[in-house]
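Heads up: the structure comes next, in structure tokens.
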Amino acid sequence: MRHRIIVLGAGYTGASAAGRLARRLRRDDVAITLVNAEPDFIERVRLHQLAAGQDLKPRPLAKMFAGTGVALRVAKVTAIDADRRTVTVTGADGTEQLAYDTLVYALGSGWNAQAVPGTAEHAHEVASRPGALRLRERLAGLGAGQAVTVVGGGLTGVEAATEIAEARPDLDVALAAGGGLGDWLSPKGRTHLRKVFGGLGITVYENAAVTAVAADHVATADGRAIPAQVTVWTAGFAVHPIAAATTLQLTGTGQIQVDDTMRSVSHPDVYAVGDAALAMGPGGKPLRMSCASGVPMAWQAADAIAARLTGGKLPNIPIRYFNQCISLGRAEGLIQFVTADDQAKPSALTGRLAAAYKELVCKGAAWGVANPTVGMPTRRRPVIQQRAAAGRPARATA
């Protein structure tokens, strides 16, 4: 009987984990099922482009995983029983319980309204494809001179503000940042960011903690009212709520607590990757929610699962950072080089070359997901751990 592996979520992390497992393990020994609510792979790092009016290349998951041995199930995950090892999914064919021997949890995150009054009613988000499409429609209906305010001075906010300003120079685009603009960047990076914002005509409100969102403005803690016919909320992310209803050990942020191999510290048959998991990086610091963290986490989990099932050597590759790639519209970019623990170095790449670099990174990430079994060792090792007579998988000793 084949070992049943279920991967929940087909974003960058889930899709990468499923493809890597298919490359590592023999098809006769494992049944890999990838569950995703949508039939397409969504390039989340490009959703600000979608919102600004650009069309993204369709990437059907069925086509991407054809011939790999990964079975795609288009359905929404509605419940997980980590003790009985079942997942409840609802799709076109109704609701069903799927049993697993190993679970990879990669349901990711969504926008976080942070309980700020009016956000849920009046703000738009770019953390999901439906949200980006709603914002796209709203922006298309705006007339010249109307105000768009992006709340949040992190990577997503910076990319959204510049993309919208470049696509719609007739709009009055502003960014409200809780701190200084690009305050995590090197002096060179901050200087370039301010230069690009100035060239695009983006108004920057620094140290502007937003305390309320209304239909036509946002209010800040220091009493300012910033005009906003459209508010784009990018001030943080919240993990998918499914895990909170399980017996999995979670952190205060709702993330699944994992070890260095991305295995749950409370349920050894569950692995969590990407935004859904709290893993430690260099210097004992938690890895940040990002594609840069999530894909290496997926590789680590897949290799660990394969090693434990086949009696191989566990991976021992620390996850570290090299750079932060920031698009500033289609013609400008910023590559901030960082230390292993994500602190800015003095060096940064800017301008059109940086934009080309970022575009190459985005295309490379999408290509890696769309070609999940290309470029890896072809040897698939046999599974030596089979399910116990009681129907539960034997525990790994590693």
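Chain identifiers are assigned as A, B, and so on, following the order in which chains appear in the structure tokens; residues are numbered from 1 within each chain, and ligands are numbered from 1 in order of appearance.
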As a PyMOL selection string, which residues of segment 135-328 of chain A does DSSP assign to alpha helix (DSSP H)?
chain A and resi 135-140+155-167+187-200+291-310
Based on DSSP run over this structure's backbone, return all residues of segment 44-205 of chain A in strand (DSSP E or B), as a ChimeraX atom specification.
/A:60,70-81,86-91,94-99,102-105,109-111,123-124,147-151,172-176,203-205
Using only C-alpha atoms, which residues of segment 169-193 of chain A come within 12 Å of segment 212-226 of chain A, and what is the closest atom pair for each, with the distance in Å to one decimal? Give it as a tab-separated table, sorted by chain and residue number.
```
residue	atom	partner	partner_atom	distance
A:Asp172	CA	A:Ile226	CA	11.3
A:Val173	CA	A:Ile226	CA	10.9
A:Ala174	CA	A:Ile226	CA	8.6
A:Leu175	CA	A:Ile226	CA	9.7
A:Ala176	CA	A:Ile226	CA	8.5
A:Ala177	CA	A:Thr220	CA	10.3
A:Gly178	CA	A:Thr220	CA	9.6
```
Those residues with N, CA and C atoms, as a PDB file, in the first residue's frame please?
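Output below, filename part39.pdb:
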```pdb
ATOM      1  N   ASP A 172      -3.766  60.686  -7.890  1.00  0.00           N
ATOM      2  CA  ASP A 172      -2.988  61.247  -6.790  1.00  0.00           C
ATOM      3  C   ASP A 172      -2.659  60.103  -5.835  1.00  0.00           C
ATOM      4  N   VAL A 173      -1.496  59.492  -6.012  1.00  0.00           N
ATOM      5  CA  VAL A 173      -1.117  58.311  -5.235  1.00  0.00           C
ATOM      6  C   VAL A 173      -0.280  58.719  -4.032  1.00  0.00           C
ATOM      7  N   ALA A 174      -0.609  58.139  -2.868  1.00  0.00           N
ATOM      8  CA  ALA A 174       0.128  58.417  -1.635  1.00  0.00           C
ATOM      9  C   ALA A 174       0.451  57.109  -0.930  1.00  0.00           C
ATOM     10  N   LEU A 175       1.466  57.147  -0.094  1.00  0.00           N
ATOM     11  CA  LEU A 175       1.843  56.002   0.743  1.00  0.00           C
ATOM     12  C   LEU A 175       1.897  56.469   2.183  1.00  0.00           C
ATOM     13  N   ALA A 176       1.175  55.758   3.076  1.00  0.00           N
ATOM     14  CA  ALA A 176       1.226  56.037   4.513  1.00  0.00           C
ATOM     15  C   ALA A 176       2.037  54.935   5.180  1.00  0.00           C
ATOM     16  N   ALA A 177       3.215  55.292   5.689  1.00  0.00           N
ATOM     17  CA  ALA A 177       4.114  54.322   6.306  1.00  0.00           C
ATOM     18  C   ALA A 177       4.149  54.533   7.812  1.00  0.00           C
ATOM     19  N   GLY A 178       4.169  53.410   8.546  1.00  0.00           N
ATOM     20  CA  GLY A 178       4.227  53.511   9.999  1.00  0.00           C
ATOM     21  C   GLY A 178       5.543  54.075  10.497  1.00  0.00           C
TER      22      GLY A 178
END
```
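Nearest to Ala208 of chain A of all the residues A:Thr149, A:Thr350, A:Ser128, A:Asn36 is A:Thr149, based on only C-alpha atoms.
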Neighbouring residues of Pro169 of chain A were defined as those with any atom within 12 Å, considering only C-alpha atoms; residues of the same chain fewer than 3 positions away were excluded. Please report them as a CSV table (one decimal) with N, CA and C atoms, in the first residue's frame.
```csv
chain,number,residue,atom,x,y,z
A,52,ALA,N,-2.9,46.8,-11.0
A,52,ALA,CA,-2.6,48.0,-11.7
A,52,ALA,C,-3.1,47.9,-13.2
A,142,LEU,N,-11.8,55.1,-11.5
A,142,LEU,CA,-11.4,56.4,-10.9
A,142,LEU,C,-11.1,57.4,-12.0
A,143,GLY,N,-11.5,58.6,-11.8
A,143,GLY,CA,-11.2,59.7,-12.7
A,143,GLY,C,-9.9,60.4,-12.3
A,144,ALA,N,-9.4,61.2,-13.2
A,144,ALA,CA,-8.2,61.9,-13.0
A,144,ALA,C,-8.2,62.8,-11.8
A,145,GLY,N,-7.1,62.7,-11.0
A,145,GLY,CA,-7.0,63.6,-9.8
A,145,GLY,C,-7.6,62.9,-8.5
A,146,GLN,N,-8.2,61.8,-8.7
A,146,GLN,CA,-8.7,61.1,-7.4
A,146,GLN,C,-7.6,60.5,-6.7
A,147,ALA,N,-7.8,60.3,-5.4
A,147,ALA,CA,-6.7,59.9,-4.5
A,147,ALA,C,-6.7,58.4,-4.2
A,148,VAL,N,-5.6,57.8,-4.3
A,148,VAL,CA,-5.3,56.4,-3.9
A,148,VAL,C,-4.3,56.4,-2.8
A,161,ALA,N,2.3,50.8,-4.5
A,161,ALA,CA,2.3,52.3,-4.7
A,161,ALA,C,3.0,52.7,-6.0
A,162,THR,N,4.2,52.2,-6.3
A,162,THR,CA,4.9,52.5,-7.5
A,162,THR,C,4.2,52.0,-8.7
A,163,GLU,N,3.7,50.8,-8.6
A,163,GLU,CA,3.0,50.1,-9.8
A,163,GLU,C,1.8,50.9,-10.2
A,164,ILE,N,1.0,51.3,-9.2
A,164,ILE,CA,-0.2,52.1,-9.5
A,164,ILE,C,0.1,53.5,-10.0
A,165,ALA,N,1.1,54.1,-9.4
A,165,ALA,CA,1.5,55.5,-9.8
A,165,ALA,C,2.0,55.5,-11.3
A,166,GLU,N,2.8,54.4,-11.6
A,166,GLU,CA,3.3,54.4,-13.0
A,166,GLU,C,2.2,54.1,-14.0
A,172,ASP,N,-3.8,60.7,-7.9
A,172,ASP,CA,-3.0,61.2,-6.8
A,172,ASP,C,-2.7,60.1,-5.8
A,173,VAL,N,-1.5,59.5,-6.0
A,173,VAL,CA,-1.1,58.3,-5.2
A,173,VAL,C,-0.3,58.7,-4.0
A,174,ALA,N,-0.6,58.1,-2.9
A,174,ALA,CA,0.1,58.4,-1.6
A,174,ALA,C,0.5,57.1,-0.9
A,199,GLY,N,9.9,60.9,-8.6
A,199,GLY,CA,9.7,60.9,-10.0
A,199,GLY,C,8.3,60.5,-10.4
A,200,LEU,N,7.7,59.6,-9.6
A,200,LEU,CA,6.4,59.1,-9.9
A,200,LEU,C,5.3,60.0,-9.3
A,201,GLY,N,5.7,61.0,-8.5
A,201,GLY,CA,4.8,61.9,-7.9
A,201,GLY,C,4.0,61.3,-6.8
A,202,ILE,N,4.6,60.4,-6.1
A,202,ILE,CA,3.9,59.7,-4.9
A,202,ILE,C,4.2,60.6,-3.7
A,329,GLY,N,7.6,49.7,-10.2
A,329,GLY,CA,7.1,49.8,-11.5
A,329,GLY,C,7.8,48.9,-12.5
```
Counting only C-alpha atoms, what is within 10 Å of Ala344 of chain A, bar same-chain residues fewer than 5 positions away, as a compact mmCIF listing (two decimals) with N, CA and C atoms, in the first residue's frame?
```
# COMPACT_ATOMS: atom_id res chain seq x y z
N TRP A 184 14.28 50.21 6.47
CA TRP A 184 15.03 48.97 6.65
C TRP A 184 16.15 48.84 5.62
N LEU A 185 16.21 49.78 4.66
CA LEU A 185 17.17 49.70 3.58
C LEU A 185 18.50 50.38 3.94
N SER A 186 19.50 50.17 3.11
CA SER A 186 20.77 50.88 3.25
C SER A 186 20.58 52.33 2.83
N PRO A 187 21.51 53.22 3.18
CA PRO A 187 21.39 54.61 2.72
C PRO A 187 21.25 54.72 1.21
N GLY A 189 19.95 52.47 -0.79
CA GLY A 189 18.61 51.99 -1.13
C GLY A 189 17.55 53.01 -0.83
N PHE A 322 19.85 36.49 0.98
CA PHE A 322 20.92 37.06 0.17
C PHE A 322 20.57 38.49 -0.28
N ASN A 323 19.31 38.71 -0.65
CA ASN A 323 18.91 40.04 -1.09
C ASN A 323 17.41 40.20 -0.97
N GLN A 324 16.97 41.43 -1.05
CA GLN A 324 15.55 41.76 -1.14
C GLN A 324 15.33 42.39 -2.51
N GLN A 336 18.30 45.13 -2.76
CA GLN A 336 19.04 45.43 -1.54
C GLN A 336 19.74 44.16 -1.07
N PHE A 337 21.05 44.18 -1.07
CA PHE A 337 21.80 43.02 -0.60
C PHE A 337 21.79 43.01 0.92
N VAL A 338 21.63 41.79 1.49
CA VAL A 338 21.44 41.66 2.94
C VAL A 338 22.35 40.58 3.50
N THR A 339 22.50 40.60 4.81
CA THR A 339 23.23 39.56 5.51
C THR A 339 22.38 38.30 5.60
```
Selection: 12 Å around Glu137 of chain A, only C-alpha atoms, excl. self and same-chain fewer than 6 positions, as a list in words
Leu50, Ala51, Ala52, Gly53, Gln54, His124, Pro130, Gly131 and Val230 of chain A
Selection export as a PDB file, in the first residue's frame, atoms kept: C-alpha atoms:
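And here is the file that came out, out.pdb:
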```
ATOM      1  CA  LEU A  50      -2.629  42.592 -11.827  1.00  0.00           C
ATOM      2  CA  ALA A  51      -4.276  45.264  -9.680  1.00  0.00           C
ATOM      3  CA  ALA A  52      -2.638  48.011 -11.743  1.00  0.00           C
ATOM      4  CA  GLY A  53      -4.227  46.691 -14.934  1.00  0.00           C
ATOM      5  CA  GLN A  54      -1.664  44.254 -16.310  1.00  0.00           C
ATOM      6  CA  HIS A 124      -8.714  46.822  -0.740  1.00  0.00           C
ATOM      7  CA  PRO A 130      -9.787  38.020  -6.044  1.00  0.00           C
ATOM      8  CA  GLY A 131      -8.654  41.017  -3.987  1.00  0.00           C
ATOM      9  CA  VAL A 230      -9.383  54.131  -2.696  1.00  0.00           C
TER      10      VAL A 230
END
```
